[in-house]
$ cat run_36.cif   # mmCIF, C-alpha atoms and all ligand atoms
data_my_file
#
loop_
_atom_site.label_atom_id
_atom_site.label_comp_id
_atom_site.auth_asym_id
_atom_site.auth_seq_id
_atom_site.Cartn_x
_atom_site.Cartn_y
_atom_site.Cartn_z
CA MET A 1 0.00 0.00 0.00
CA ASP A 2 1.38 3.43 -0.91
CA SER A 3 1.48 6.31 1.60
CA PHE A 4 -1.78 7.82 0.28
CA GLY A 5 -3.53 4.49 0.80
CA LEU A 6 -2.12 4.25 4.29
CA PHE A 7 -3.27 7.79 5.07
CA CYS A 8 -6.81 7.08 3.82
CA THR A 9 -7.04 3.83 5.81
CA GLY A 10 -5.80 5.61 8.95
CA ALA A 11 -8.26 8.47 8.51
CA LEU A 12 -11.12 6.03 7.96
CA LEU A 13 -10.19 4.07 11.09
CA ALA A 14 -9.93 7.28 13.15
CA CYS A 15 -13.36 8.47 11.93
CA GLY A 16 -14.81 5.04 12.70
CA LEU A 17 -13.38 5.09 16.22
CA TYR A 18 -14.63 8.64 16.81
CA TRP A 19 -18.10 7.64 15.63
CA PHE A 20 -18.10 4.52 17.80
CA LEU A 21 -16.85 6.23 20.96
CA CYS A 22 -18.37 9.70 20.79
CA LEU A 23 -21.35 9.78 18.51
CA LEU A 24 -22.73 6.35 19.22
CA GLY A 25 -22.01 6.89 22.92
CA PRO A 26 -24.91 8.83 24.37
CA ALA A 27 -28.28 7.12 24.21
CA GLU A 28 -30.07 10.39 24.93
CA GLN A 29 -29.37 13.82 23.57
CA LYS A 30 -27.24 15.85 25.94
CA GLY A 31 -26.71 12.69 28.06
CA LYS A 32 -23.36 11.56 29.38
CA ARG A 33 -20.86 10.48 26.78
CA ALA A 34 -19.17 7.11 27.12
CA VAL A 35 -15.76 8.80 27.25
CA HIS A 36 -16.85 10.60 30.45
CA LEU A 37 -17.95 7.56 32.44
CA SER A 38 -16.67 7.82 36.01
CA GLY A 39 -17.15 6.21 39.40
CA GLY A 40 -19.15 9.18 40.67
CA SER A 41 -17.52 10.49 43.84
CA ILE A 42 -15.29 7.40 44.04
CA SER A 43 -11.78 7.86 42.65
CA SER A 44 -11.00 5.80 39.54
CA GLU A 45 -8.60 3.42 41.29
CA LYS A 46 -11.19 2.53 43.95
CA VAL A 47 -14.12 1.73 41.66
CA ARG A 48 -13.37 -1.97 41.42
CA ASP A 49 -12.93 -2.39 45.22
CA ASN A 50 -16.11 -0.48 45.91
CA TYR A 51 -17.95 -2.65 43.43
CA LYS A 52 -16.69 -5.79 45.22
CA GLN A 53 -17.79 -4.42 48.60
CA TYR A 54 -21.18 -3.48 47.19
CA TRP A 55 -21.61 -6.91 45.63
CA SER A 56 -20.72 -8.86 48.75
CA PHE A 57 -23.15 -6.75 50.82
CA PHE A 58 -26.13 -7.02 48.48
CA ARG A 59 -25.40 -10.57 47.26
CA GLN A 60 -27.97 -12.03 49.60
CA PRO A 61 -30.31 -9.14 50.37
CA LYS A 62 -32.77 -11.14 52.44
CA GLU A 63 -30.03 -11.97 54.92
CA ILE A 64 -29.11 -8.36 55.57
CA GLU A 65 -29.61 -7.70 59.23
CA THR A 66 -27.57 -4.53 59.40
CA ALA A 67 -30.22 -2.15 58.10
CA GLU A 68 -28.30 0.90 59.27
CA LYS A 69 -25.53 0.10 56.75
CA VAL A 70 -27.93 0.11 53.78
CA PRO A 71 -27.88 3.89 53.01
CA ASP A 72 -24.06 3.85 52.76
CA PHE A 73 -24.11 0.94 50.33
CA VAL A 74 -26.92 2.58 48.35
CA ASP A 75 -24.70 5.66 48.14
CA THR A 76 -21.83 3.49 46.84
CA PHE A 77 -24.22 1.88 44.33
CA TYR A 78 -25.17 5.28 42.92
CA ASN A 79 -21.53 6.33 42.66
CA LEU A 80 -21.00 3.24 40.55
CA VAL A 81 -24.09 3.43 38.33
CA THR A 82 -25.08 7.10 37.96
CA ASP A 83 -22.96 7.84 34.89
CA ILE A 84 -23.92 4.58 33.19
CA TYR A 85 -27.63 5.29 33.86
CA GLU A 86 -27.35 8.82 32.46
CA TRP A 87 -25.40 7.61 29.44
CA GLY A 88 -27.60 4.62 28.63
CA TRP A 89 -31.02 5.72 29.89
CA GLY A 90 -31.22 9.49 30.41
CA GLN A 91 -31.75 11.82 33.35
CA SER A 92 -34.86 10.09 34.73
CA PHE A 93 -33.92 6.94 36.61
CA HIS A 94 -37.23 5.11 36.43
CA PHE A 95 -39.56 3.15 34.17
CA SER A 96 -42.87 4.15 32.60
CA PRO A 97 -45.54 2.25 30.65
CA SER A 98 -44.94 2.28 26.87
CA ILE A 99 -47.40 4.44 24.97
CA THR A 100 -48.25 3.75 21.31
CA GLY A 101 -47.04 6.57 19.07
CA LYS A 102 -44.98 8.20 21.83
CA SER A 103 -41.22 8.05 22.35
CA HIS A 104 -39.68 6.76 25.61
CA ARG A 105 -38.84 10.33 26.48
CA GLU A 106 -42.48 11.44 26.08
CA ALA A 107 -43.80 8.43 28.00
CA THR A 108 -41.34 9.18 30.81
CA ARG A 109 -42.46 12.80 30.93
CA LEU A 110 -46.16 11.83 31.12
CA HIS A 111 -45.48 9.38 33.95
CA GLU A 112 -43.74 12.16 35.88
CA GLU A 113 -46.42 14.75 35.21
CA MET A 114 -49.07 12.31 36.40
CA ALA A 115 -47.35 12.23 39.80
CA VAL A 116 -47.54 15.99 40.30
CA ASP A 117 -51.09 16.19 38.91
CA LEU A 118 -52.14 13.63 41.52
CA ILE A 119 -50.86 15.74 44.43
CA GLN A 120 -52.76 18.81 43.15
CA VAL A 121 -50.15 21.48 43.71
CA LYS A 122 -50.37 25.14 42.68
CA PRO A 123 -47.67 27.35 41.16
CA GLY A 124 -45.46 28.63 43.97
CA ASP A 125 -46.16 25.69 46.31
CA ARG A 126 -43.13 24.00 47.93
CA ILE A 127 -42.97 20.29 47.17
CA LEU A 128 -40.55 17.50 48.04
CA ASP A 129 -38.92 14.96 45.70
CA VAL A 130 -37.96 12.01 47.90
CA GLY A 131 -34.90 10.35 46.29
CA CYS A 132 -34.43 12.71 43.34
CA GLY A 133 -31.53 11.14 41.41
CA VAL A 134 -30.01 13.61 38.94
CA GLY A 135 -33.36 15.41 38.77
CA GLY A 136 -35.02 14.33 35.50
CA PRO A 137 -38.47 14.11 37.18
CA MET A 138 -37.84 17.24 39.25
CA ARG A 139 -37.26 19.40 36.16
CA ALA A 140 -40.26 17.96 34.29
CA ILE A 141 -42.45 18.50 37.35
CA ALA A 142 -41.24 22.04 38.06
CA ALA A 143 -41.74 23.03 34.42
CA HIS A 144 -45.23 21.46 34.32
CA SER A 145 -46.55 22.73 37.68
CA ARG A 146 -44.43 25.86 38.32
CA ALA A 147 -44.10 24.60 41.92
CA ASN A 148 -40.80 24.95 43.81
CA VAL A 149 -39.29 21.50 44.05
CA VAL A 150 -36.79 20.45 46.73
CA GLY A 151 -35.09 17.16 45.94
CA ILE A 152 -33.16 15.00 48.37
CA THR A 153 -30.66 12.27 47.47
CA ILE A 154 -28.11 10.42 49.55
CA ASN A 155 -25.51 10.64 46.80
CA ASP A 156 -23.44 13.82 46.56
CA TYR A 157 -22.33 13.07 42.99
CA GLN A 158 -26.01 13.11 41.98
CA VAL A 159 -26.48 16.42 43.83
CA ASN A 160 -23.79 18.01 41.65
CA ARG A 161 -25.16 16.48 38.45
CA ALA A 162 -28.72 17.58 39.30
CA ARG A 163 -27.63 21.15 40.09
CA LEU A 164 -25.71 21.32 36.82
CA HIS A 165 -28.71 20.05 34.82
CA ASN A 166 -31.08 22.44 36.66
CA LYS A 167 -28.90 25.37 35.74
CA LYS A 168 -28.55 24.27 32.10
CA ALA A 169 -32.32 23.86 31.84
CA GLY A 170 -32.89 27.34 33.34
CA LEU A 171 -34.87 25.77 36.18
CA ASP A 172 -32.49 26.44 39.07
CA SER A 173 -34.80 29.12 40.48
CA LEU A 174 -37.54 26.47 40.89
CA CYS A 175 -35.41 23.43 41.73
CA GLU A 176 -33.22 22.94 44.79
CA VAL A 177 -31.19 19.83 45.59
CA VAL A 178 -30.13 18.69 49.05
CA CYS A 179 -27.73 15.89 49.98
CA GLY A 180 -29.19 13.82 52.80
CA ASN A 181 -30.80 10.65 54.04
CA PHE A 182 -34.55 10.41 53.47
CA LEU A 183 -34.78 8.35 56.66
CA GLU A 184 -33.77 11.45 58.69
CA MET A 185 -34.54 14.48 56.54
CA PRO A 186 -33.02 17.90 57.31
CA PHE A 187 -36.39 19.66 56.92
CA LYS A 188 -38.78 21.27 59.40
CA ASP A 189 -42.10 19.68 60.42
CA ASN A 190 -45.13 20.74 58.32
CA SER A 191 -42.99 22.57 55.77
CA PHE A 192 -44.11 21.10 52.38
CA ASP A 193 -47.34 21.50 50.37
CA GLY A 194 -46.91 18.13 48.71
CA ALA A 195 -44.42 15.32 48.10
CA TYR A 196 -43.69 12.56 45.62
CA SER A 197 -41.23 9.69 45.28
CA ILE A 198 -40.50 7.91 42.03
CA GLU A 199 -38.93 4.44 42.36
CA ALA A 200 -36.77 5.52 45.30
CA THR A 201 -38.33 4.41 48.59
CA CYS A 202 -37.65 0.76 47.63
CA HIS A 203 -34.11 1.46 48.91
CA ALA A 204 -35.38 1.96 52.47
CA PRO A 205 -34.83 -1.08 54.70
CA LYS A 206 -38.13 -0.20 56.44
CA LEU A 207 -40.75 1.65 54.40
CA GLU A 208 -42.35 2.99 57.61
CA ASP A 209 -39.20 4.99 58.36
CA VAL A 210 -39.28 6.97 55.11
CA TYR A 211 -43.10 7.31 55.11
CA ALA A 212 -42.96 8.63 58.70
CA GLU A 213 -40.41 11.25 57.65
CA VAL A 214 -42.55 12.36 54.68
CA PHE A 215 -45.57 12.51 57.02
CA ARG A 216 -43.64 14.70 59.46
CA VAL A 217 -42.52 17.30 56.88
CA LEU A 218 -45.88 17.56 55.05
CA LYS A 219 -48.39 20.24 56.00
CA PRO A 220 -51.68 18.78 57.31
CA GLY A 221 -54.14 18.16 54.48
CA SER A 222 -51.46 17.81 51.80
CA LEU A 223 -50.84 14.87 49.50
CA TYR A 224 -47.98 12.44 48.88
CA VAL A 225 -47.73 10.08 45.90
CA SER A 226 -45.25 7.24 45.59
CA TYR A 227 -44.40 4.87 42.73
CA GLU A 228 -43.29 1.74 44.59
CA TRP A 229 -41.31 -1.32 43.48
CA VAL A 230 -43.27 -4.38 44.63
CA THR A 231 -43.91 -8.06 44.11
CA THR A 232 -47.45 -8.59 42.78
CA ASP A 233 -50.17 -11.14 43.60
CA LYS A 234 -48.64 -13.44 40.93
CA TYR A 235 -45.45 -13.86 42.99
CA ARG A 236 -45.09 -17.22 44.75
CA ALA A 237 -42.38 -17.52 47.38
CA ASP A 238 -42.31 -21.32 46.86
CA ASN A 239 -41.54 -20.99 43.13
CA PRO A 240 -37.71 -21.13 42.71
CA GLU A 241 -37.85 -19.25 39.41
CA HIS A 242 -39.80 -16.39 41.01
CA VAL A 243 -37.33 -16.26 43.89
CA GLU A 244 -34.37 -16.20 41.49
CA VAL A 245 -35.86 -13.27 39.52
CA ILE A 246 -36.74 -11.22 42.59
CA GLN A 247 -33.33 -11.81 44.20
CA GLY A 248 -31.67 -10.87 40.90
CA ILE A 249 -33.61 -7.59 40.90
CA GLU A 250 -32.69 -6.89 44.53
CA ARG A 251 -28.97 -7.56 44.03
CA GLY A 252 -28.64 -5.50 40.85
CA ASP A 253 -30.63 -2.53 42.15
CA ALA A 254 -29.33 -2.14 45.73
CA LEU A 255 -32.58 -3.19 47.37
CA PRO A 256 -32.61 -4.50 50.92
CA GLY A 257 -35.69 -6.66 50.10
CA LEU A 258 -38.67 -6.10 47.80
CA ARG A 259 -42.03 -5.66 49.53
CA SER A 260 -45.35 -7.20 48.55
CA TYR A 261 -47.91 -4.77 47.07
CA LYS A 262 -50.17 -5.78 49.99
CA ASP A 263 -47.89 -4.20 52.58
CA ILE A 264 -47.71 -0.67 51.16
CA ALA A 265 -51.12 0.70 52.24
CA GLU A 266 -50.86 -0.97 55.66
CA ILE A 267 -47.52 0.71 56.32
CA ALA A 268 -48.85 4.09 55.14
CA LYS A 269 -51.85 3.84 57.48
CA LYS A 270 -49.60 2.81 60.36
CA VAL A 271 -47.66 6.09 60.15
CA GLY A 272 -50.90 8.12 60.05
CA PHE A 273 -51.67 8.64 56.33
CA GLU A 274 -55.13 8.27 54.79
CA VAL A 275 -55.04 6.16 51.62
CA VAL A 276 -56.72 8.17 48.83
CA LYS A 277 -55.98 5.87 45.90
CA GLU A 278 -53.86 2.83 45.10
CA LYS A 279 -53.27 1.36 41.63
CA ASP A 280 -50.63 -0.69 39.86
CA LEU A 281 -49.87 1.50 36.83
CA ALA A 282 -48.25 -1.48 35.10
CA MET A 283 -51.53 -3.39 34.84
CA PRO A 284 -53.21 -3.71 31.41
CA PRO A 285 -54.44 -1.75 29.48
CA ALA A 286 -51.07 -0.08 30.24
CA LEU A 287 -48.48 -1.32 27.72
CA PRO A 288 -45.37 -3.05 29.08
CA TRP A 289 -42.77 -0.86 30.81
CA TRP A 290 -40.05 -3.45 30.16
CA THR A 291 -40.07 -3.31 26.33
CA ARG A 292 -37.56 -0.45 26.53
CA LEU A 293 -35.16 -2.86 28.25
CA LYS A 294 -35.84 -5.69 25.80
CA MET A 295 -35.48 -3.67 22.63
CA GLY A 296 -31.98 -2.61 23.57
CA ARG A 297 -30.19 -5.98 23.22
CA ILE A 298 -27.99 -4.84 20.36
CA ALA A 299 -27.34 -1.54 22.08
CA TYR A 300 -26.29 -3.42 25.24
CA TRP A 301 -23.70 -5.40 23.29
CA ARG A 302 -22.42 -2.24 21.64
CA ASN A 303 -22.20 -0.64 25.10
CA HIS A 304 -20.40 -3.68 26.51
CA VAL A 305 -17.74 -3.47 23.79
CA LEU A 306 -17.46 0.29 24.27
CA VAL A 307 -17.04 0.07 28.05
CA THR A 308 -14.51 -2.77 27.71
CA VAL A 309 -12.42 -0.78 25.21
CA LEU A 310 -12.58 2.42 27.30
CA ALA A 311 -11.58 0.58 30.49
CA ALA A 312 -8.76 -1.26 28.68
CA ILE A 313 -7.24 1.99 27.38
CA GLY A 314 -7.63 3.67 30.80
CA ILE A 315 -10.35 6.19 29.92
CA ALA A 316 -13.04 4.56 32.07
CA PRO A 317 -12.24 3.22 35.57
CA LYS A 318 -11.35 -0.48 35.62
CA GLY A 319 -14.40 -1.66 37.59
CA THR A 320 -16.78 -0.08 35.06
CA VAL A 321 -16.89 -3.32 33.08
CA ASP A 322 -18.04 -5.26 36.18
CA VAL A 323 -20.68 -2.66 36.97
CA HIS A 324 -21.92 -2.65 33.38
CA ASP A 325 -22.00 -6.43 33.37
CA MET A 326 -24.06 -6.42 36.59
CA LEU A 327 -26.56 -3.98 35.01
CA PHE A 328 -26.74 -6.10 31.89
CA LYS A 329 -27.79 -9.10 34.02
CA THR A 330 -30.14 -6.94 36.08
CA ALA A 331 -31.93 -5.82 32.91
CA ASP A 332 -32.63 -9.48 32.18
CA TYR A 333 -34.09 -10.12 35.66
CA LEU A 334 -36.23 -6.99 35.38
CA THR A 335 -37.51 -8.11 31.99
CA ARG A 336 -38.35 -11.56 33.38
CA GLY A 337 -40.09 -9.88 36.33
CA GLY A 338 -42.17 -7.80 33.92
CA ASP A 339 -42.91 -10.63 31.47
CA SER A 340 -44.07 -12.99 34.22
CA GLY A 341 -46.05 -10.23 35.95
CA ILE A 342 -44.57 -11.03 39.37
CA PHE A 343 -42.94 -7.60 39.73
CA SER A 344 -44.04 -4.00 39.24
CA PRO A 345 -41.91 -0.84 39.51
CA MET A 346 -44.96 1.43 39.48
CA HIS A 347 -47.38 0.47 42.19
CA MET A 348 -48.88 3.92 42.76
CA ILE A 349 -50.17 4.98 46.17
CA LEU A 350 -51.70 8.40 46.85
CA LEU A 351 -51.77 9.43 50.50
CA ARG A 352 -53.09 12.37 52.50
CA LYS A 353 -51.80 13.68 55.80
CA PRO A 354 -55.04 14.28 57.73
CA GLN A 355 -55.97 17.86 58.69
CA VAL A 356 -56.39 16.72 62.27
CA PRO A 357 -53.83 14.26 63.63
CA PRO A 358 -55.38 10.88 64.55
CA SER A 359 -55.95 10.56 68.31
CA LYS A 360 -53.48 8.23 70.05
CA SER A 361 -55.85 5.90 71.87
C1 LIG A 401 -35.34 2.57 40.01
C2 LIG A 401 -34.16 2.00 39.83
C3 LIG A 401 -33.45 2.10 38.49
C4 LIG A 401 -34.33 1.69 37.33
C5 LIG A 401 -33.69 1.86 35.96
C6 LIG A 401 -33.51 3.33 35.63
C7 LIG A 401 -32.35 1.07 35.80
C8 LIG A 401 -32.54 -0.42 36.17
C9 LIG A 401 -31.54 -1.21 35.31
C10 LIG A 401 -30.75 -0.16 34.56
C11 LIG A 401 -30.02 -0.51 33.32
C12 LIG A 401 -29.82 -1.79 32.92
C13 LIG A 401 -29.02 -2.15 31.76
C14 LIG A 401 -28.02 -1.05 31.37
C15 LIG A 401 -27.25 -1.37 30.09
C16 LIG A 401 -26.51 -2.70 30.25
C17 LIG A 401 -26.29 -0.27 29.74
O1 LIG A 401 -25.61 -0.57 28.54
C18 LIG A 401 -26.98 1.08 29.61
C19 LIG A 401 -27.75 1.41 30.88
C20 LIG A 401 -28.76 0.31 31.26
C21 LIG A 401 -29.88 0.26 30.23
C22 LIG A 401 -29.30 0.65 32.68
C23 LIG A 401 -30.11 1.94 32.67
C24 LIG A 401 -30.90 2.22 33.93
C25 LIG A 401 -31.75 0.99 34.36
C26 LIG A 401 -32.81 0.67 33.32
C27 LIG A 401 -33.58 1.13 40.93
C28 LIG A 401 -32.11 1.20 41.12
C29 LIG A 401 -34.32 1.19 42.21
C1 LIG A 402 -33.70 4.84 41.14
S1 LIG A 402 -33.23 6.42 41.70
C2 LIG A 402 -34.69 7.36 41.26
C3 LIG A 402 -34.35 8.81 41.16
C4 LIG A 402 -35.49 9.71 40.69
N1 LIG A 402 -36.65 9.56 41.51
C5 LIG A 402 -35.79 9.45 39.25
O1 LIG A 402 -36.84 8.83 39.00
O2 LIG A 402 -34.99 9.81 38.39
C6 LIG A 402 -33.38 6.31 43.48
C7 LIG A 402 -32.95 7.55 44.22
O3 LIG A 402 -33.18 7.38 45.62
C8 LIG A 402 -32.08 7.90 46.32
N2 LIG A 402 -31.98 7.28 47.66
C9 LIG A 402 -31.92 5.96 47.96
N3 LIG A 402 -31.82 5.80 49.29
C10 LIG A 402 -31.81 7.05 49.84
C11 LIG A 402 -31.75 7.54 51.16
N4 LIG A 402 -31.65 6.73 52.21
N5 LIG A 402 -31.81 8.88 51.33
C12 LIG A 402 -31.90 9.73 50.28
N6 LIG A 402 -31.95 9.32 49.00
C13 LIG A 402 -31.92 7.99 48.79
C14 LIG A 402 -30.88 7.58 45.46
O4 LIG A 402 -29.78 8.34 45.82
C15 LIG A 402 -31.46 7.91 44.08
O5 LIG A 402 -31.33 9.26 43.86
#
$ encode --input "run_36.cif" --output "structure tokens"
Amino acid sequence: MDSFGLFCTGALLACGLYWFLCLLGPAEQKGKRAVHLSGGSISSEKVRDNYKQYWSFFRQPKEIETAEKVPDFVDTFYNLVTDIYEWGWGQSFHFSPSITGKSHREATRLHEEMAVDLIQVKPGDRILDVGCGVGGPMRAIAAHSRANVVGITINDYQVNRARLHNKKAGLDSLCEVVCGNFLEMPFKDNSFDGAYSIEATCHAPKLEDVYAEVFRVLKPGSLYVSYEWVTTDKYRADNPEHVEVIQGIERGDALPGLRSYKDIAEIAKKVGFEVVKEKDLAMPPALPWWTRLKMGRIAYWRNHVLVTVLAAIGIAPKGTVDVHDMLFKTADYLTRGGDSGIFSPMHMILLRKPQVPPSKS
């Protein structure tokens, strides 16, 4: 090959690599690029060790007796996965039912707007986002309702990402982000006009602890809506396949133990809430929420190759491949949970804090 031929081949290879790494990288517009994958607040060299610690803690979630350690491990989990989620999924870390004729982005937005419509807030009200991630729902909800949204997340890397996105979206005057534990929130009693949580309270070892905190900070008469991860009435604890799927979901999503749909309302009532409405939003006629996971098989393989190459050449932290591999397997368990109907990530419960506190008799 002459030097011109060599030059052309080199240029072609370089363009191909650029396309593969940079253009193919982000699944969402303005999402993270593959070349910027990090371990969140964990330094690059410690990603692999942190992943190992995370994995040994959550390997057998049902046997976890040290509930007080859960928030720290959940924090580690989000250091490990936040960039991969943003890169491969977008800024909203949750599912939504598919809607014919609408994109995933539109379906996600509608699912978020439904939450704030349910709690009936007015422009200027102060509402709480319990477990806000990098703030995808918070921005959609603030823009839709013109309410002031305060989000809380345990992960300080997410706080920084959320603040950055809020600013870029021009919504930082409506959206505030606080780093803290939703089991002991740094907010005054009776200080919010409404609250919502989207696929976040499943990380609480005891649901009553987070519900009691939300109850405390809500003004009397105001509403709280939560989209809960639950096992459904189709789940059988004596079916080994069901158990395998549910444990796979727990391990890959940092969950101390999935709850049955039956327990949610009971727990809410125990802390003093009135149950206004309860509905599994995944039930037909809703279209499957898990098709978005299924349709991405080829994309997953592309991502696997991309992450492996980036880690091998030292651009992504070494443990990123393990984390990505774990998510790849988790996607399969989630899909099986959806297909079999034994699991729902959108069991909706709408609760009201009574005007008059219930008498303690
Ligand atoms: C509510 C929670 C998170 C729910 C979802 C946002 C995430 C659950 C599983 C995640 C993913 C699985 C496969 C990844 C894929 C291998 C990678 O190439 C790109 C990112 C994924 C699609 C990733 C995206 C986010 C999830 C769908 C839990 C934690 C309570
Ligand atoms: C799956 S993400 C959902 C984020 C957001 N609701 C969304 O839909 O994009 C779960 C969120 O809950 C937060 N979280 C989990 N346990 C927490 C705790 N104990 N205190 C505060 N936040 C917590 C995580 O940090 C993360 O932001």
$ residues_around --input "run_36.cif" --residues "A:Met185" --least-positions-apart "4" --cutoff "7 Å" --atoms "all atoms listed in the file" --output "PDB file with C-alpha atoms, keeping the file's coordinate frame"
ATOM      1  CA  GLY A 180     -29.190  13.820  52.800  1.00  0.00           C
ATOM      2  CA  ASN A 181     -30.800  10.650  54.040  1.00  0.00           C
ATOM      3  CA  GLU A 213     -40.410  11.250  57.650  1.00  0.00           C
TER       4      GLU A 213
END
$ residues_near_ligand --input "run_36.cif" --ligand "ligand LIG 401 (chain A)" --cutoff "8 Å" --atoms "only C-alpha atoms and all ligand atoms" --output "compact mmCIF listing (two decimals) with C-alpha atoms, in the coordinates of the input"
# COMPACT_ATOMS: atom_id res chain seq x y z
CA ILE A 84 -23.92 4.58 33.19
CA TYR A 85 -27.63 5.29 33.86
CA GLU A 86 -27.35 8.82 32.46
CA TRP A 87 -25.40 7.61 29.44
CA GLY A 88 -27.60 4.62 28.63
CA TRP A 89 -31.02 5.72 29.89
CA GLY A 90 -31.22 9.49 30.41
CA SER A 92 -34.86 10.09 34.73
CA PHE A 93 -33.92 6.94 36.61
CA HIS A 94 -37.23 5.11 36.43
CA PHE A 95 -39.56 3.15 34.17
CA ILE A 198 -40.50 7.91 42.03
CA GLU A 199 -38.93 4.44 42.36
CA ALA A 200 -36.77 5.52 45.30
CA CYS A 202 -37.65 0.76 47.63
CA HIS A 203 -34.11 1.46 48.91
CA TRP A 229 -41.31 -1.32 43.48
CA GLY A 252 -28.64 -5.50 40.85
CA ASP A 253 -30.63 -2.53 42.15
CA ALA A 254 -29.33 -2.14 45.73
CA LEU A 255 -32.58 -3.19 47.37
CA LEU A 293 -35.16 -2.86 28.25
CA GLY A 296 -31.98 -2.61 23.57
CA ALA A 299 -27.34 -1.54 22.08
CA TYR A 300 -26.29 -3.42 25.24
CA TRP A 301 -23.70 -5.40 23.29
CA ARG A 302 -22.42 -2.24 21.64
CA ASN A 303 -22.20 -0.64 25.10
CA HIS A 304 -20.40 -3.68 26.51
CA HIS A 324 -21.92 -2.65 33.38
CA ASP A 325 -22.00 -6.43 33.37
CA MET A 326 -24.06 -6.42 36.59
CA LEU A 327 -26.56 -3.98 35.01
CA PHE A 328 -26.74 -6.10 31.89
CA LYS A 329 -27.79 -9.10 34.02
CA THR A 330 -30.14 -6.94 36.08
CA ALA A 331 -31.93 -5.82 32.91
CA LEU A 334 -36.23 -6.99 35.38
CA PRO A 345 -41.91 -0.84 39.51
$ residues_near_ligand --input "run_36.cif" --ligand "ligand LIG 402 (chain A)" --cutoff "9 Å" --atoms "all atoms listed in the file" --output "PyMOL selection string"
chain A and resi 70-72+74-75+77-78+82+90-95+112+129-138+151-156+158-159+179-185+196-205+210+253-254
$ write_last_selection --input "run_36.cif" --atoms "C-alpha atoms" --output "compact mmCIF listing (two decimals), in the coordinates of the input"
# COMPACT_ATOMS: atom_id res chain seq x y z
CA VAL A 70 -27.93 0.11 53.78
CA PRO A 71 -27.88 3.89 53.01
CA ASP A 72 -24.06 3.85 52.76
CA VAL A 74 -26.92 2.58 48.35
CA ASP A 75 -24.70 5.66 48.14
CA PHE A 77 -24.22 1.88 44.33
CA TYR A 78 -25.17 5.28 42.92
CA THR A 82 -25.08 7.10 37.96
CA GLY A 90 -31.22 9.49 30.41
CA GLN A 91 -31.75 11.82 33.35
CA SER A 92 -34.86 10.09 34.73
CA PHE A 93 -33.92 6.94 36.61
CA HIS A 94 -37.23 5.11 36.43
CA PHE A 95 -39.56 3.15 34.17
CA GLU A 112 -43.74 12.16 35.88
CA ASP A 129 -38.92 14.96 45.70
CA VAL A 130 -37.96 12.01 47.90
CA GLY A 131 -34.90 10.35 46.29
CA CYS A 132 -34.43 12.71 43.34
CA GLY A 133 -31.53 11.14 41.41
CA VAL A 134 -30.01 13.61 38.94
CA GLY A 135 -33.36 15.41 38.77
CA GLY A 136 -35.02 14.33 35.50
CA PRO A 137 -38.47 14.11 37.18
CA MET A 138 -37.84 17.24 39.25
CA GLY A 151 -35.09 17.16 45.94
CA ILE A 152 -33.16 15.00 48.37
CA THR A 153 -30.66 12.27 47.47
CA ILE A 154 -28.11 10.42 49.55
CA ASN A 155 -25.51 10.64 46.80
CA ASP A 156 -23.44 13.82 46.56
CA GLN A 158 -26.01 13.11 41.98
CA VAL A 159 -26.48 16.42 43.83
CA CYS A 179 -27.73 15.89 49.98
CA GLY A 180 -29.19 13.82 52.80
CA ASN A 181 -30.80 10.65 54.04
CA PHE A 182 -34.55 10.41 53.47
CA LEU A 183 -34.78 8.35 56.66
CA GLU A 184 -33.77 11.45 58.69
CA MET A 185 -34.54 14.48 56.54
CA TYR A 196 -43.69 12.56 45.62
CA SER A 197 -41.23 9.69 45.28
CA ILE A 198 -40.50 7.91 42.03
CA GLU A 199 -38.93 4.44 42.36
CA ALA A 200 -36.77 5.52 45.30
CA THR A 201 -38.33 4.41 48.59
CA CYS A 202 -37.65 0.76 47.63
CA HIS A 203 -34.11 1.46 48.91
CA ALA A 204 -35.38 1.96 52.47
CA PRO A 205 -34.83 -1.08 54.70
CA VAL A 210 -39.28 6.97 55.11
CA ASP A 253 -30.63 -2.53 42.15
CA ALA A 254 -29.33 -2.14 45.73
$ closest_residue --input "run_36.cif" --among "A:Gly40, A:Gly124, A:Tyr333, A:Lys206" --to "A:Ile267" --atoms "all atoms listed in the file"
A:Lys206
$ atom_distance --input "run_36.cif" --atom1 "atom CA of A:Glu106" --atom2 "atom CA of A:Ala140"
10.7 Å
$ closest_residue --input "run_36.cif" --among "A:Ser56, A:Ser44, A:Ser98, A:Ser222" --to "A:Glu274" --atoms "all atoms listed in the file"
A:Ser222
$ atom_distance --input "run_36.cif" --atom1 "atom CA of A:Lys262" --atom2 "atom CA of A:Phe215"
20.1 Å
$ closest_residue --input "run_36.cif" --among "A:Met346, A:Val81, A:Val321, A:Ala268" --to "A:Val214" --atoms "all atoms listed in the file"
A:Ala268
$ residues_around --input "run_36.cif" --residues "A:Arg251" --least-positions-apart "4" --cutoff "7 Å" --atoms "all atoms listed in the file" --output "list in words"
Phe58, Arg59, Pro61, Gln247 and Leu255 of chain A
$ atom_distance --input "run_36.cif" --atom1 "atom CA of A:Trp289" --atom2 "atom CA of A:Glu228"
14.0 Å
$ residues_around --input "run_36.cif" --residues "A:Ile42" --least-positions-apart "3" --cutoff "8 Å" --atoms "only C-alpha atoms" --output "PyMOL selection string"
chain A and resi 39+46-47+79-80
$ closest_residue --input "run_36.cif" --among "A:Phe273, A:Tyr211, A:Tyr235, A:Tyr261" --to "A:Gly337" --atoms "only C-alpha atoms"
A:Tyr235
$ residues_near_point --input "run_36.cif" --point "(-40.4, -19.0, 36.7)" --cutoff "12 Å" --atoms "all atoms listed in the file" --output "PyMOL selection string"
chain A and resi 234-246+333+336-342
